[in-house]
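One structure is given below, encoded as C-alpha cells.
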Amino acid sequence: MSQRAPVNDAPSRLTIGAVLLALALLFAAGVGTKEWWPFTGWRLYSNMKGPTSGSYFAYRVDPSGEHVVDYHDLPYSYGRAPYILEKFPKLDATERDSLCEALAYGERQEGRPVTSIRIYWEKRRVVPVDGERHTKLLERELHATCAKGSV
C-alpha cells in the first residue's frame, strides 16, 4: 500500500497577516470614526440624532417675495439638488454659481419668475406628530444671493 503525502490546508502566514491587518484597520476606522476607504467609520446610522436638524435651503426670489425651491415641482433631474446643496460651503465660486444658475433655470422653465436665488442655512426643531415630522424654524443665516437676472 502506498502512503499519501500530508496535505497542508492551513493558510499561509502572508494570508493570515493580510487578514489580521484588514481586521485591525476595520476596527481602528470604526472605533476612531474615520473614513479610510474602503474602511468605514460605521457612522451611516449610528449617530444619535437630536431634536434639531440643520440644512441648506434654496429660495427663489421674485417681485412678490421669497419662495422655497420645491424640487418635486422641477424636472426629475433636479432630484439630487438638495444633496449637492448640502456641500454648498465646500464648493468653489464657479460651482456655486453653476448650482444657482441651474436652480434658477429650472424654476424659469416651470414658468416661475426668478430675480435671484438665495441660499440659507436653516436650523430647525424636529417634532414628531402622529408619525409625521414637523419642523419649527429656529435659526436662519443667508449664505449667498446668486443667479441674479431678469424676471
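Residues are referred to by chain and number: the chain letter is A, B, ... according to the order shown in the C-alpha cells, the number counts from 1 in that chain, and ligands are numbered separately from 1 in the order shown.
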
Return as an MDAnalysis selection string the full set of residues in region 54-125 of chain A whose backbone-based DSSP assignment is alpha helix (DSSP H). chainID A and resid 81:85 93:109

Write the selection just made, keeping C-alpha atoms, as a PDB file, in the first residue's frame?
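What ended up in part-v1.pdb:
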```pdb
ATOM      1  CA  ALA A  81     -30.050  69.066  -5.913  1.00  0.00           C
ATOM      2  CA  PRO A  82     -30.647  69.001  -2.124  1.00  0.00           C
ATOM      3  CA  TYR A  83     -27.675  66.651  -1.700  1.00  0.00           C
ATOM      4  CA  ILE A  84     -25.455  68.943  -3.752  1.00  0.00           C
ATOM      5  CA  LEU A  85     -26.748  71.918  -1.783  1.00  0.00           C
ATOM      6  CA  ALA A  93     -17.213  80.054  -6.646  1.00  0.00           C
ATOM      7  CA  THR A  94     -17.721  78.604 -10.132  1.00  0.00           C
ATOM      8  CA  GLU A  95     -19.545  75.534  -8.777  1.00  0.00           C
ATOM      9  CA  ARG A  96     -21.738  77.692  -6.538  1.00  0.00           C
ATOM     10  CA  ASP A  97     -22.664  79.938  -9.457  1.00  0.00           C
ATOM     11  CA  SER A  98     -23.424  76.900 -11.624  1.00  0.00           C
ATOM     12  CA  LEU A  99     -25.662  75.420  -8.939  1.00  0.00           C
ATOM     13  CA  CYS A 100     -27.566  78.684  -8.515  1.00  0.00           C
ATOM     14  CA  GLU A 101     -27.920  79.209 -12.258  1.00  0.00           C
ATOM     15  CA  ALA A 102     -29.226  75.656 -12.657  1.00  0.00           C
ATOM     16  CA  LEU A 103     -31.836  76.173  -9.927  1.00  0.00           C
ATOM     17  CA  ALA A 104     -32.914  79.483 -11.468  1.00  0.00           C
ATOM     18  CA  TYR A 105     -33.089  77.868 -14.918  1.00  0.00           C
ATOM     19  CA  GLY A 106     -35.276  75.026 -13.604  1.00  0.00           C
ATOM     20  CA  GLU A 107     -37.638  77.449 -11.914  1.00  0.00           C
ATOM     21  CA  ARG A 108     -37.885  79.590 -15.054  1.00  0.00           C
ATOM     22  CA  GLN A 109     -38.523  76.510 -17.201  1.00  0.00           C
TER      23      GLN A 109
END
```

I want to know what sits within 9 Å of Val61 (chain A), based on only C-alpha atoms, with residues of the same chain fewer than 3 positions away left out; could you give that as a ChimeraX atom specification? /A:64-68,113-118

Write the residues of the preceding selection, restricted to N, CA and C atoms, as a short mmCIF file (atom, residue, chain, number, x, y, z; two decimals), in the first residue's frame.
```cif
data_model
loop_
_atom_site.label_atom_id
_atom_site.label_comp_id
_atom_site.auth_asym_id
_atom_site.auth_seq_id
_atom_site.Cartn_x
_atom_site.Cartn_y
_atom_site.Cartn_z
N SER A 64 -42.73 89.22 -5.83
CA SER A 64 -43.67 89.06 -4.71
C SER A 64 -43.00 88.58 -3.43
N GLY A 65 -41.71 88.21 -3.49
CA GLY A 65 -41.02 87.77 -2.27
C GLY A 65 -40.20 86.51 -2.48
N GLU A 66 -39.94 85.80 -1.37
CA GLU A 66 -39.15 84.56 -1.39
C GLU A 66 -40.08 83.35 -1.37
N HIS A 67 -39.66 82.33 -2.11
CA HIS A 67 -40.42 81.08 -2.16
C HIS A 67 -39.41 79.94 -2.13
N VAL A 68 -39.61 78.98 -1.24
CA VAL A 68 -38.68 77.86 -1.17
C VAL A 68 -38.72 77.09 -2.49
N PRO A 113 -41.24 83.20 -12.19
CA PRO A 113 -40.28 84.30 -12.32
C PRO A 113 -39.17 84.17 -11.27
N VAL A 114 -37.95 84.53 -11.66
CA VAL A 114 -36.81 84.45 -10.76
C VAL A 114 -35.96 85.71 -10.94
N THR A 115 -35.80 86.49 -9.87
CA THR A 115 -34.87 87.61 -9.93
C THR A 115 -33.52 87.21 -9.34
N SER A 116 -33.53 86.24 -8.39
CA SER A 116 -32.30 85.69 -7.84
C SER A 116 -32.62 84.43 -7.06
N ILE A 117 -31.57 83.75 -6.66
CA ILE A 117 -31.68 82.58 -5.79
C ILE A 117 -30.93 82.92 -4.51
N ARG A 118 -31.53 82.60 -3.37
CA ARG A 118 -30.86 82.79 -2.09
C ARG A 118 -30.66 81.44 -1.43
#
```

List the neighbours of Phe39 (chain A) out to 10 Å using only C-alpha atoms; skip same-chain residues closer than 4 positions along the sequence, and give me the result as number ranges by chain. A: 22-23, 25-30, 33-35

re CA of Trp121 (chain A) and CA of Asp73 (chain A): distance 21.5 Å

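Counting only C-alpha atoms, the residue from A:Gly50, A:Asp92, A:Arg112, A:His134 that sits nearest to Val69 (chain A) is A:Arg112.
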
Can you pull out every residue from region 10-110 of chain A that DSSP, working from the backbone, puts in strand (DSSP E), and format the result as an MDAnalysis selection string? chainID A and resid 52:62 65:68

Which residues are near Lys136 (chain A)? Cut-off 12 Å, only C-alpha atoms, ignore same chain within fewer than 3 positions. Put them as number ranges by chain. A: 51-54, 122-128, 133, 139-140

Could you jot down the CA of Glu141 (chain A) to CA of Ser55 (chain A) separation for me, Å, one decimal place?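 These two atoms are separated by 10.7 Å.
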
So which one's closest to Gly111 (chain A), A:Leu137, A:Leu91, A:Ala58, A:Leu74? Using only C-alpha atoms, please.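 Among the listed residues, A:Leu74 lies closest to Gly111 (chain A).
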
Between CA of Glu132 (chain A) and CA of Lys87 (chain A), what is the distance in Å, rounded to a tenth? 26.7 Å
